[in-house]
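Enquirer: My structure file structure.cif, mmCIF, C-alpha atoms, is below:
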data_data
loop_
_atom_site.label_atom_id
_atom_site.label_comp_id
_atom_site.auth_asym_id
_atom_site.auth_seq_id
_atom_site.Cartn_x
_atom_site.Cartn_y
_atom_site.Cartn_z
CA MET Y 8 0.00 0.00 0.00
CA ALA Y 9 1.26 3.46 -0.89
CA VAL Y 10 -0.06 6.97 -1.22
CA ASN Y 11 1.07 9.92 -3.24
CA LEU Y 12 0.74 13.51 -2.05
CA VAL Y 13 0.16 16.14 -4.74
CA LYS Y 14 -0.47 19.86 -4.65
CA HIS Y 15 -4.02 21.13 -4.69
CA ASP Y 16 -5.55 21.71 -8.10
CA ILE Y 17 -9.04 22.59 -9.24
CA LYS Y 18 -9.13 19.35 -11.25
CA TYR Y 19 -9.52 17.52 -7.93
CA ALA Y 20 -12.46 19.66 -6.79
CA GLU Y 21 -15.30 17.32 -7.78
CA ALA Y 22 -13.69 14.27 -6.20
CA MET Y 23 -12.85 16.17 -3.01
CA HIS Y 24 -16.37 17.55 -2.80
CA ALA Y 25 -17.92 14.11 -3.25
CA LEU Y 26 -15.76 12.61 -0.49
CA SER Y 27 -16.27 15.46 1.98
CA SER Y 28 -20.01 15.48 1.36
CA MET Y 29 -20.47 11.98 2.76
CA PRO Y 30 -22.30 12.34 6.11
CA GLN Y 31 -19.65 10.40 8.03
CA VAL Y 32 -16.91 12.80 6.88
CA ARG Y 33 -18.96 15.98 6.89
CA ASP Y 34 -20.22 15.38 10.43
CA ALA Y 35 -16.77 14.44 11.74
CA LEU Y 36 -15.30 17.64 10.32
CA GLY Y 37 -18.25 19.81 11.31
CA LEU Y 38 -18.72 20.99 7.72
CA PRO Y 39 -21.90 22.57 6.40
CA ALA Y 40 -23.49 21.14 3.28
CA GLY Y 41 -21.80 22.86 0.34
CA LYS Y 42 -21.38 22.92 -3.39
CA VAL Y 43 -18.49 22.11 -5.71
CA GLU Y 44 -17.90 25.85 -6.01
CA ASP Y 45 -17.16 25.97 -2.28
CA THR Y 46 -14.52 23.29 -2.72
CA ILE Y 47 -13.01 25.21 -5.64
CA ASN Y 48 -12.77 28.33 -3.48
CA PHE Y 49 -11.19 26.25 -0.70
CA ILE Y 50 -8.56 24.94 -3.12
CA LYS Y 51 -7.77 28.47 -4.30
CA ARG Y 52 -7.30 29.67 -0.71
CA GLU Y 53 -5.06 26.71 0.07
CA CYS Y 54 -2.85 27.50 -2.93
CA ILE Y 55 -2.53 31.14 -1.84
CA ASP Y 56 -1.70 30.14 1.74
CA GLU Y 57 1.00 27.78 0.48
CA GLU Y 58 2.55 30.51 -1.65
CA GLU Y 59 2.69 32.70 1.46
CA GLY Y 60 4.35 29.90 3.47
CA LYS Y 61 1.44 29.50 5.87
CA THR Y 62 0.52 25.93 4.99
CA VAL Y 63 1.61 22.88 3.04
CA PRO Y 64 -1.69 21.42 1.79
CA ARG Y 65 -1.73 18.16 -0.17
CA VAL Y 66 -4.29 15.97 -1.88
CA VAL Y 67 -3.88 12.28 -1.00
CA LEU Y 68 -3.98 9.84 -3.93
CA ASN Y 69 -3.98 6.06 -3.64
CA GLU Y 70 -2.00 3.55 -5.72
CA GLU Y 71 -4.41 4.00 -8.62
CA GLY Y 72 -4.18 7.79 -8.60
CA GLN Y 73 -7.62 8.12 -7.06
CA VAL Y 74 -8.36 11.01 -4.70
CA ILE Y 75 -8.94 9.56 -1.22
CA GLY Y 76 -8.59 12.60 1.04
CA VAL Y 77 -6.49 15.61 1.99
CA THR Y 78 -3.77 16.41 4.50
CA ALA Y 79 -2.01 19.62 5.44
CA LEU Y 80 0.63 21.20 7.63
CA MET Y 81 -0.99 24.34 9.05
CA PHE Y 82 -0.03 27.35 11.15
CA ILE Y 83 3.66 26.78 10.43
CA ASP Y 84 5.88 28.60 12.94
CA HIS Y 85 9.49 28.49 11.73
CA ALA Y 86 10.72 30.26 14.88
CA LYS Y 87 9.29 27.53 17.10
CA LYS Y 88 9.93 24.88 14.40
CA SER Y 89 6.40 23.58 14.83
CA CYS Y 90 3.03 23.41 13.12
CA HIS Y 91 -0.33 21.66 13.33
CA ILE Y 92 -1.60 18.90 11.09
CA GLY Y 93 -5.06 18.46 9.66
CA SER Y 94 -6.33 15.60 7.52
CA TRP Y 95 -9.33 13.57 6.51
CA LEU Y 96 -10.03 10.56 4.30
CA GLY Y 97 -13.13 9.62 2.37
CA TYR Y 98 -15.42 7.22 4.23
CA GLU Y 99 -14.84 4.33 1.83
CA PHE Y 100 -11.11 4.50 2.59
CA TRP Y 101 -11.40 4.33 6.37
CA GLY Y 102 -9.75 1.42 8.15
CA LYS Y 103 -7.55 0.37 5.22
CA GLY Y 104 -4.19 1.70 6.39
CA TYR Y 105 -4.20 4.86 4.31
CA ASN Y 106 -4.16 7.11 7.38
CA LEU Y 107 -0.76 5.79 8.46
CA GLU Y 108 0.71 6.14 4.97
CA ALA Y 109 -0.63 9.68 4.53
CA LYS Y 110 0.73 10.74 7.93
CA LYS Y 111 4.16 9.31 7.11
CA ALA Y 112 4.24 11.15 3.79
CA ILE Y 113 3.24 14.56 5.16
CA LEU Y 114 5.53 14.23 8.19
CA GLU Y 115 8.47 13.56 5.88
CA ILE Y 116 7.81 17.00 4.43
CA ALA Y 117 7.55 18.54 7.90
CA PHE Y 118 10.68 16.99 9.38
CA TYR Y 119 12.98 16.46 6.40
CA GLU Y 120 12.09 19.28 4.02
CA LEU Y 121 10.94 22.02 6.40
CA GLY Y 122 13.22 21.02 9.28
CA LEU Y 123 10.46 21.28 11.90
CA LYS Y 124 10.89 19.66 15.31
CA ARG Y 125 7.28 18.87 16.21
CA VAL Y 126 3.86 18.65 14.60
CA PHE Y 127 0.75 18.93 16.77
CA ALA Y 128 -2.30 16.81 16.08
CA GLY Y 129 -5.53 17.79 17.78
CA ALA Y 130 -8.98 16.28 17.86
CA ARG Y 131 -12.30 17.37 19.23
CA LYS Y 132 -13.26 15.32 22.27
CA VAL Y 133 -16.54 14.43 20.60
CA ASN Y 134 -14.69 13.05 17.57
CA ILE Y 135 -13.88 9.62 19.00
CA ARG Y 136 -13.00 8.12 15.62
CA SER Y 137 -10.33 10.74 14.96
CA GLN Y 138 -8.85 10.10 18.40
CA LYS Y 139 -8.81 6.34 17.81
CA ALA Y 140 -7.14 6.82 14.43
CA GLN Y 141 -4.38 8.92 16.00
CA GLU Y 142 -3.87 6.43 18.82
CA LYS Y 143 -2.99 3.73 16.27
CA LEU Y 144 -0.02 5.68 14.92
CA PRO Y 145 3.25 4.20 16.26
CA PHE Y 146 5.20 7.46 16.28
CA ILE Y 147 2.79 9.79 18.09
CA ARG Y 148 2.89 11.04 21.70
CA LEU Y 149 -0.58 11.18 23.19
CA GLY Y 150 -2.14 13.49 25.75
CA VAL Y 151 0.38 16.34 25.77
CA GLU Y 152 -2.04 19.03 26.98
CA GLN Y 153 -0.02 19.63 30.15
CA ASP Y 154 3.28 19.77 28.25
CA PHE Y 155 2.01 22.34 25.75
CA PRO Y 156 -0.76 24.31 27.51
CA HIS Y 157 -0.61 27.29 25.16
CA GLU Y 158 -1.04 25.09 22.08
CA HIS Y 159 -3.90 23.26 23.75
CA LYS Y 160 -5.68 26.46 24.74
CA TRP Y 161 -5.20 27.89 21.25
CA LEU Y 162 -6.68 24.73 19.72
CA GLU Y 163 -9.76 24.81 21.91
CA VAL Y 164 -10.32 28.50 21.16
CA LYS Y 165 -9.99 27.77 17.46
CA GLU Y 166 -12.37 24.79 17.57
CA LYS Y 167 -14.70 26.46 20.12
CA GLN Y 168 -14.99 23.22 22.10
CA PRO Y 169 -12.94 20.81 24.27
CA CYS Y 170 -10.10 19.07 22.43
CA VAL Y 171 -7.33 16.57 23.03
CA LEU Y 172 -3.78 17.38 21.96
CA ASN Y 173 -1.16 14.96 20.66
CA VAL Y 174 2.21 15.57 19.05
CA PHE Y 175 4.61 14.04 16.55
CA GLU Y 176 8.21 14.66 17.59
CA ARG Y 177 10.92 14.58 14.92
CA GLU Y 178 13.15 12.35 17.05
CA ASP Y 179 10.39 9.73 17.38
CA PHE Y 180 9.55 9.85 13.69
CA VAL Y 181 13.20 9.59 12.60
CA ARG Y 182 13.66 6.58 14.87
CA TYR Y 183 10.57 4.95 13.38
CA SER Y 184 11.30 5.67 9.71
CA THR Y 185 15.08 5.15 9.52
CA SER Y 186 16.29 1.74 8.37
CA LEU Y 187 19.40 0.01 7.05
CA GLU Y 188 19.30 -2.03 3.84
CA LEU Y 189 22.26 -4.16 2.72
CA VAL Y 190 23.49 -3.26 -0.76
CA GLU Y 191 23.85 -6.15 -3.18
CA GLY Y 192 25.70 -5.90 -6.50
CA SER Y 193 27.64 -2.95 -7.91
CA ARG Y 194 28.50 -0.08 -5.57
CA GLU Y 195 29.67 2.39 -8.19
CA SER Y 196 26.50 4.49 -7.98
CA TYR Y 197 27.14 5.03 -4.25
CA LEU Y 198 30.54 6.65 -4.82
CA PRO Y 199 29.16 10.25 -4.70
CA LEU Y 200 27.60 9.52 -1.31
CA LEU Y 201 30.77 7.97 0.09
CA LEU Y 202 32.70 11.05 -1.05
CA ILE Y 203 30.57 13.21 1.25
CA ALA Y 204 32.44 11.71 4.21
CA ASP Y 205 35.80 11.11 2.52
CA GLU Y 206 36.82 13.64 -0.13
CA SER Y 207 39.59 11.50 -1.66
CA GLU Y 208 38.18 9.39 -4.48
CA GLU Y 209 41.42 7.45 -4.61
CA ALA Y 210 41.10 6.53 -0.93
CA VAL Y 211 37.41 5.66 -1.20
CA ARG Y 212 37.96 3.37 -4.19
CA GLN Y 213 40.50 1.41 -2.19
CA TYR Y 214 37.85 0.25 0.29
CA MET Y 215 34.42 0.85 -1.25
CA ASN Y 216 34.03 -2.74 -2.50
CA ASP Y 217 35.11 -4.32 0.78
CA GLY Y 218 32.96 -5.20 3.78
CA ASP Y 219 29.21 -4.53 3.94
CA LEU Y 220 27.63 -1.42 2.44
CA TYR Y 221 24.24 -0.33 3.78
CA GLU Y 222 21.76 2.18 2.47
CA ILE Y 223 20.40 4.47 5.17
CA LYS Y 224 16.74 4.88 4.29
CA CYS Y 225 14.16 7.33 5.60
CA GLY Y 226 10.94 5.70 4.60
CA GLU Y 227 11.44 5.02 0.90
CA LYS Y 228 14.02 7.78 0.44
CA LEU Y 229 17.77 7.19 0.32
CA ALA Y 230 19.27 9.43 3.00
CA GLY Y 231 22.83 8.13 3.16
CA VAL Y 232 25.18 5.15 3.30
CA ALA Y 233 27.34 3.31 5.82
CA LEU Y 234 30.22 0.97 5.06
CA LEU Y 235 31.39 -1.55 7.67
CA LEU Y 236 34.68 -3.47 7.58
CA ALA Y 237 35.55 -6.35 9.92
CA GLN Y 238 38.91 -5.81 11.62
CA SER Y 239 38.83 -9.04 13.64
CA THR Y 240 36.31 -11.55 14.89
CA THR Y 241 35.33 -9.13 17.67
CA THR Y 242 35.87 -5.66 16.18
CA ILE Y 243 34.20 -4.01 13.22
CA GLU Y 244 35.08 -0.61 11.77
CA LEU Y 245 32.61 1.95 10.54
CA LYS Y 246 34.79 2.95 7.61
CA ASN Y 247 32.41 5.48 6.10
CA ILE Y 248 29.06 6.96 7.08
CA ALA Y 249 27.57 9.75 5.01
CA ILE Y 250 24.22 11.54 5.13
CA LYS Y 251 22.94 13.54 2.17
CA PRO Y 252 23.06 17.31 2.82
CA GLU Y 253 19.28 17.66 2.64
CA PHE Y 254 18.90 15.08 5.43
CA GLN Y 255 21.65 16.39 7.68
CA GLY Y 256 20.79 17.98 11.01
CA ARG Y 257 17.64 15.87 11.38
CA GLY Y 258 18.98 13.25 13.80
CA ILE Y 259 19.24 10.56 11.11
CA GLY Y 260 22.96 9.95 11.68
CA LYS Y 261 22.38 9.32 15.38
CA VAL Y 262 19.63 6.79 14.71
CA ALA Y 263 21.69 5.15 11.95
CA LEU Y 264 24.57 4.70 14.41
CA GLN Y 265 22.23 3.03 16.89
CA LYS Y 266 21.01 0.62 14.22
CA ILE Y 267 24.58 -0.06 13.07
CA SER Y 268 25.48 -0.98 16.65
CA THR Y 269 22.48 -3.29 16.88
CA VAL Y 270 23.30 -5.04 13.59
CA SER Y 271 26.98 -5.41 14.51
CA LYS Y 272 26.15 -6.85 17.92
CA SER Y 273 23.76 -9.35 16.34
CA GLN Y 274 26.63 -10.50 14.11
CA GLY Y 275 28.77 -11.29 17.15
CA TYR Y 276 31.01 -8.23 17.28
CA LYS Y 277 32.00 -6.82 20.67
CA ASN Y 278 33.34 -3.43 19.60
CA VAL Y 279 32.80 -0.92 16.82
CA ILE Y 280 35.49 1.60 15.89
CA VAL Y 281 35.34 4.69 13.72
CA GLY Y 282 37.85 7.31 12.68
CA THR Y 283 37.53 10.98 11.85
CA ALA Y 284 39.92 13.80 11.03
CA ASN Y 285 41.32 16.17 13.65
CA SER Y 286 39.64 18.97 11.67
CA SER Y 287 36.16 17.40 11.82
CA ILE Y 288 35.03 19.15 14.98
CA ASP Y 289 31.34 18.33 14.49
CA ASN Y 290 32.12 14.63 13.98
CA ILE Y 291 34.35 14.53 17.06
CA ALA Y 292 31.45 15.85 19.15
CA PHE Y 293 28.91 13.65 17.37
CA TYR Y 294 30.70 10.38 18.09
CA GLN Y 295 31.24 11.23 21.74
CA LYS Y 296 27.56 12.11 22.14
CA SER Y 297 26.79 8.71 20.60
CA GLY Y 298 28.76 6.87 23.27
CA PHE Y 299 32.15 6.51 21.56
CA ARG Y 300 35.43 7.09 23.40
CA MET Y 301 38.70 8.34 21.94
CA GLU Y 302 41.04 5.40 21.43
CA THR Y 303 44.14 6.34 19.40
CA ILE Y 304 45.52 9.01 17.08
CA GLU Y 305 47.07 8.06 13.75
CA LYS Y 306 49.35 10.99 13.03
CA ASP Y 307 49.76 12.22 9.45
CA PHE Y 308 47.05 9.83 8.19
CA PHE Y 309 45.75 12.47 5.77
CA SER Y 310 49.16 13.85 4.80
CA SER Y 311 49.35 11.46 1.86
CA TYR Y 312 46.11 12.70 0.30
CA ALA Y 313 46.73 14.27 -3.11
CA GLU Y 314 44.79 17.38 -2.16
CA PRO Y 315 44.88 18.87 1.36
CA ILE Y 316 41.56 18.93 3.21
CA TYR Y 317 40.52 21.88 5.36
CA GLU Y 318 37.57 22.04 7.75
CA ASN Y 319 36.76 24.80 10.21
CA GLY Y 320 39.97 26.54 9.12
CA ILE Y 321 42.00 23.48 10.22
CA ARG Y 322 43.93 21.18 7.92
CA ALA Y 323 43.08 17.51 8.22
CA LEU Y 324 46.33 15.75 9.16
CA ASP Y 325 45.63 13.19 11.89
CA MET Y 326 43.01 10.47 12.23
CA ILE Y 327 41.33 10.24 15.63
CA MET Y 328 40.02 6.74 16.29
CA PHE Y 329 36.98 6.18 18.52
CA SER Y 330 35.64 2.95 19.94
CA LYS Y 331 32.41 1.77 21.51
CA ALA Y 332 31.70 -1.47 23.33
CA LEU Y 333 28.59 -3.27 22.06
#
In structure tokens, what does this structure look like?
Expert:
Amino acid sequence: MAVNLVKHDIKYAEAMHALSSMPQVRDALGLPAGKVEDTINFIKRECIDEEEGKTVPRVVLNEEGQVIGVTALMFIDHAKKSCHIGSWLGYEFWGKGYNLEAKKAILEIAFYELGLKRVFAGARKVNIRSQKAQEKLPFIRLGVEQDFPHEHKWLEVKEKQPCVLNVFEREDFVRYSTSLELVEGSRESYLPLLLIADESEEAVRQYMNDGDLYEIKCGEKLAGVALLLAQSTTTIELKNIAIKPEFQGRGIGKVALQKISTVSKSQGYKNVIVGTANSSIDNIAFYQKSGFRMETIEKDFFSSYAEPIYENGIRALDMIMFSKAL
């Protein structure tokens, strides 16, 4: 099962109107009986709001390209890195798993494209079905009214009635959606990704076909790669880990490291080691925050590189090795 999110367009107006006019949907949303023209006007407003950066509204299509509902990120606050989510599905598509797929797709936009940290999901207390649907989502935190009282109060003022408040946190969603997939066959197409972490193509080509190469996936999207080399029966080296620029700063590397540790431990390894340049200040902090300890320093490791590498105004000369017990 899969869904596709597309931008609003008047060509979807009749289908959207038909779905939202069903009593089950209309009553749940508290909508008045309307005409197709009302839906057209709604679509036009949504397009304007998106142009102004207020919302990210999307029409939800199923595998056959059929309109099955809508979803949107609303009231986007880039300063707070948060927003609210609103969505509904046509009655005939209830209980078929589309809600989970639509939420995953819109949250990928929120967390990976917009860089938000949390997305609030509210529901009127009288709307039991909406509450039950949210409770089934594996990456949601329920009942956060006390944690976010201002958001809760704002929601109840907006809806003019008692509401419950839940939240999707980026950290929870990243943990849920990040996975490792072993690469089989040619690795040549992964060279550009490996070069993100190691700028020397000559050096990368010396090891890129050794060990196990994993894709780091966020949902269905390729977010990075990790290459692991066995150093002994008990120690494995994380030779290269690279995250695409558009996915960096989202916590994906941290989760990928956790999964790498789990996989390595399941294969019988007792320790994982990783090296980074003396100039890679962010990496040095990152590995320590992830539970690694400094082990050794290989002086002049990068001196043989054909082109000198500079980071943070520092030339990369020495390799700092870190280790972590599994």
Enquirer: Using only C-alpha atoms, which protein or nucleic acid residues come within 10 Å of Y:Ala25? Drop anything in the same chain fewer than 3 positions from it, and give the result as an mmCIF file with C-alpha atoms, in the coordinates of the input.
Expert:
data_model
loop_
_atom_site.group_PDB
_atom_site.id
_atom_site.type_symbol
_atom_site.label_atom_id
_atom_site.label_comp_id
_atom_site.auth_asym_id
_atom_site.auth_seq_id
_atom_site.Cartn_x
_atom_site.Cartn_y
_atom_site.Cartn_z
ATOM 1 C CA ALA Y 20 -12.460 19.660 -6.790
ATOM 2 C CA GLU Y 21 -15.300 17.320 -7.780
ATOM 3 C CA ALA Y 22 -13.690 14.270 -6.200
ATOM 4 C CA SER Y 28 -20.010 15.480 1.360
ATOM 5 C CA MET Y 29 -20.470 11.980 2.760
ATOM 6 C CA LYS Y 42 -21.380 22.920 -3.390
ATOM 7 C CA VAL Y 43 -18.490 22.110 -5.710
ATOM 8 C CA THR Y 46 -14.520 23.290 -2.720
ATOM 9 C CA GLY Y 97 -13.130 9.620 2.370
#
Enquirer: Find the residues around Y:Asp84 up to 9 Å (only C-alpha atoms counted), leave out those fewer than 5 positions away in its own chain, and share them as a list in words.
Expert: Lys61, Ser89, Cys90 and Leu123 of chain Y
Enquirer: Take atom CA of Y:Leu220 and atom CA of Y:Leu189 and report the distance between them in Å, one decimal.
Expert: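 Taking atom CA of Y:Leu220 as the start and atom CA of Y:Leu189 as the end point, the length is 6.0 Å.
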Enquirer: Apply the PyMOL selection byres ((chain Y and resi 248) around 10) to the file shown and report the selected residues as a PyMOL selection string.
Expert: chain Y and resi 200-205+220-223+231-235+245-247+249-250+260+263-264+281
Enquirer: Report, in Å to a single decimal, how far apart atom CA of Y:Ala9 and atom CA of Y:Phe175 are.
Expert: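 According to the coordinates, atom CA of Y:Phe175 and atom CA of Y:Ala9 are separated by 20.7 Å.
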Enquirer: Could you expand the PyMOL selection byres ((chain Y and resi 23) around 12) into the explicit residues it covers here, written as a VMD selection string?
Expert: chain Y and resid 15 to 22 24 to 29 32 to 33 41 to 47 49 to 50 65 to 68 73 to 78 95 to 98
Enquirer: Would you pick out the contacts of Y:Val151 at 9 Å or less, using only C-alpha atoms, so that residues sharing its chain but fewer than 2 positions from it are not included, and give the list as a tab-separated table (two decimals) with C-alpha atoms, in the coordinates of the input?
Expert:
chain	number	residue	atom	x	y	z
Y	148	ARG	CA	2.89	11.04	21.70
Y	149	LEU	CA	-0.58	11.18	23.19
Y	153	GLN	CA	-0.02	19.63	30.15
Y	154	ASP	CA	3.28	19.77	28.25
Y	155	PHE	CA	2.01	22.34	25.75
Y	156	PRO	CA	-0.76	24.31	27.51
Y	159	HIS	CA	-3.90	23.26	23.75
Y	171	VAL	CA	-7.33	16.57	23.03
Y	172	LEU	CA	-3.78	17.38	21.96
Y	173	ASN	CA	-1.16	14.96	20.66
Y	174	VAL	CA	2.21	15.57	19.05
Enquirer: With only C-alpha atoms as the basis for distance, which of Y:Ala79, Y:Ile259, Y:Met8, Y:Glu163 is at the shortest distance from Y:Leu107?
Expert: Y:Met8
Enquirer: Could you check which of Y:Glu188, Y:Leu80, Y:Thr283, Y:Glu71 is closest to Y:Glu53, using only C-alpha atoms?
Expert: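 Going through Y:Glu188, Y:Leu80, Y:Thr283, Y:Glu71 one by one, the smallest distance to Y:Glu53 is for Y:Leu80.
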Enquirer: Using all atoms listed in the file, which protein or nucleic acid residues come within 8 Å of stretch 323-332 of chain Y? Drop anything in the same chain fewer than 4 positions from it, and give the result as JSON, numbers by chain.
Expert: {"Y": [277, 278, 279, 280, 281, 282, 283, 284, 285, 286, 287, 294, 298, 299, 300, 301, 302, 303, 304, 305, 306, 307, 308, 309, 310, 315, 316, 317, 318]}
Enquirer: Generate a file of the selected residues that holds C-alpha atoms, formatted as a JSON list (two decimals), keeping the file's coordinate frame.
Expert:
[["chain", "number", "residue", "atom", "x", "y", "z"],
["Y", 277, "LYS", "CA", 32.00, -6.82, 20.67],
["Y", 278, "ASN", "CA", 33.34, -3.43, 19.60],
["Y", 279, "VAL", "CA", 32.80, -0.92, 16.82],
["Y", 280, "ILE", "CA", 35.49, 1.60, 15.89],
["Y", 281, "VAL", "CA", 35.34, 4.69, 13.72],
["Y", 282, "GLY", "CA", 37.85, 7.31, 12.68],
["Y", 283, "THR", "CA", 37.53, 10.98, 11.85],
["Y", 284, "ALA", "CA", 39.92, 13.80, 11.03],
["Y", 285, "ASN", "CA", 41.32, 16.17, 13.65],
["Y", 286, "SER", "CA", 39.64, 18.97, 11.67],
["Y", 287, "SER", "CA", 36.16, 17.40, 11.82],
["Y", 294, "TYR", "CA", 30.70, 10.38, 18.09],
["Y", 298, "GLY", "CA", 28.76, 6.87, 23.27],
["Y", 299, "PHE", "CA", 32.15, 6.51, 21.56],
["Y", 300, "ARG", "CA", 35.43, 7.09, 23.40],
["Y", 301, "MET", "CA", 38.70, 8.34, 21.94],
["Y", 302, "GLU", "CA", 41.04, 5.40, 21.43],
["Y", 303, "THR", "CA", 44.14, 6.34, 19.40],
["Y", 304, "ILE", "CA", 45.52, 9.01, 17.08],
["Y", 305, "GLU", "CA", 47.07, 8.06, 13.75],
["Y", 306, "LYS", "CA", 49.35, 10.99, 13.03],
["Y", 307, "ASP", "CA", 49.76, 12.22, 9.45],
["Y", 308, "PHE", "CA", 47.05, 9.83, 8.19],
["Y", 309, "PHE", "CA", 45.75, 12.47, 5.77],
["Y", 310, "SER", "CA", 49.16, 13.85, 4.80],
["Y", 315, "PRO", "CA", 44.88, 18.87, 1.36],
["Y", 316, "ILE", "CA", 41.56, 18.93, 3.21],
["Y", 317, "TYR", "CA", 40.52, 21.88, 5.36],
["Y", 318, "GLU", "CA", 37.57, 22.04, 7.75]]
Enquirer: Expressed in Å to a single decimal, how great is the separation between atom CA of Y:Ala35 and atom CA of Y:Glu152?
Expert: 21.7 Å
Enquirer: What residues have an atom no more than 10 Å from (33.8, -6.3, 0.1) in the file's own frame, counting all atoms listed in the file, and can you write them as a list of chain:residue names?
Expert: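 Here is the list of nearby residues: Y:Arg194, Y:Tyr214, Y:Met215, Y:Asn216, Y:Asp217, Y:Gly218, Y:Asp219, Y:Leu220, Y:Leu234, Y:Leu235, Y:Leu236, Y:Ala237.
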Enquirer: Between Y:Gln295, Y:Gln255, Y:Ser196, Y:Thr240, which is the closest to Y:Ser271 once you count all atoms listed in the file?
Expert: Y:Thr240
Enquirer: For a quick check of understanding, using all atoms listed in the file, which of Y:Gln213, Y:Thr185, Y:Asn11, Y:Ser94 has the smallest distance to Y:Phe254?
Expert: Y:Thr185
Enquirer: Could you write out as number ranges by chain the residues that the PyMOL selection byres ((chain Y and resi 62) around 7) matches in the shown file?
Expert: Y: 56-57, 60-61, 63-64, 79-83
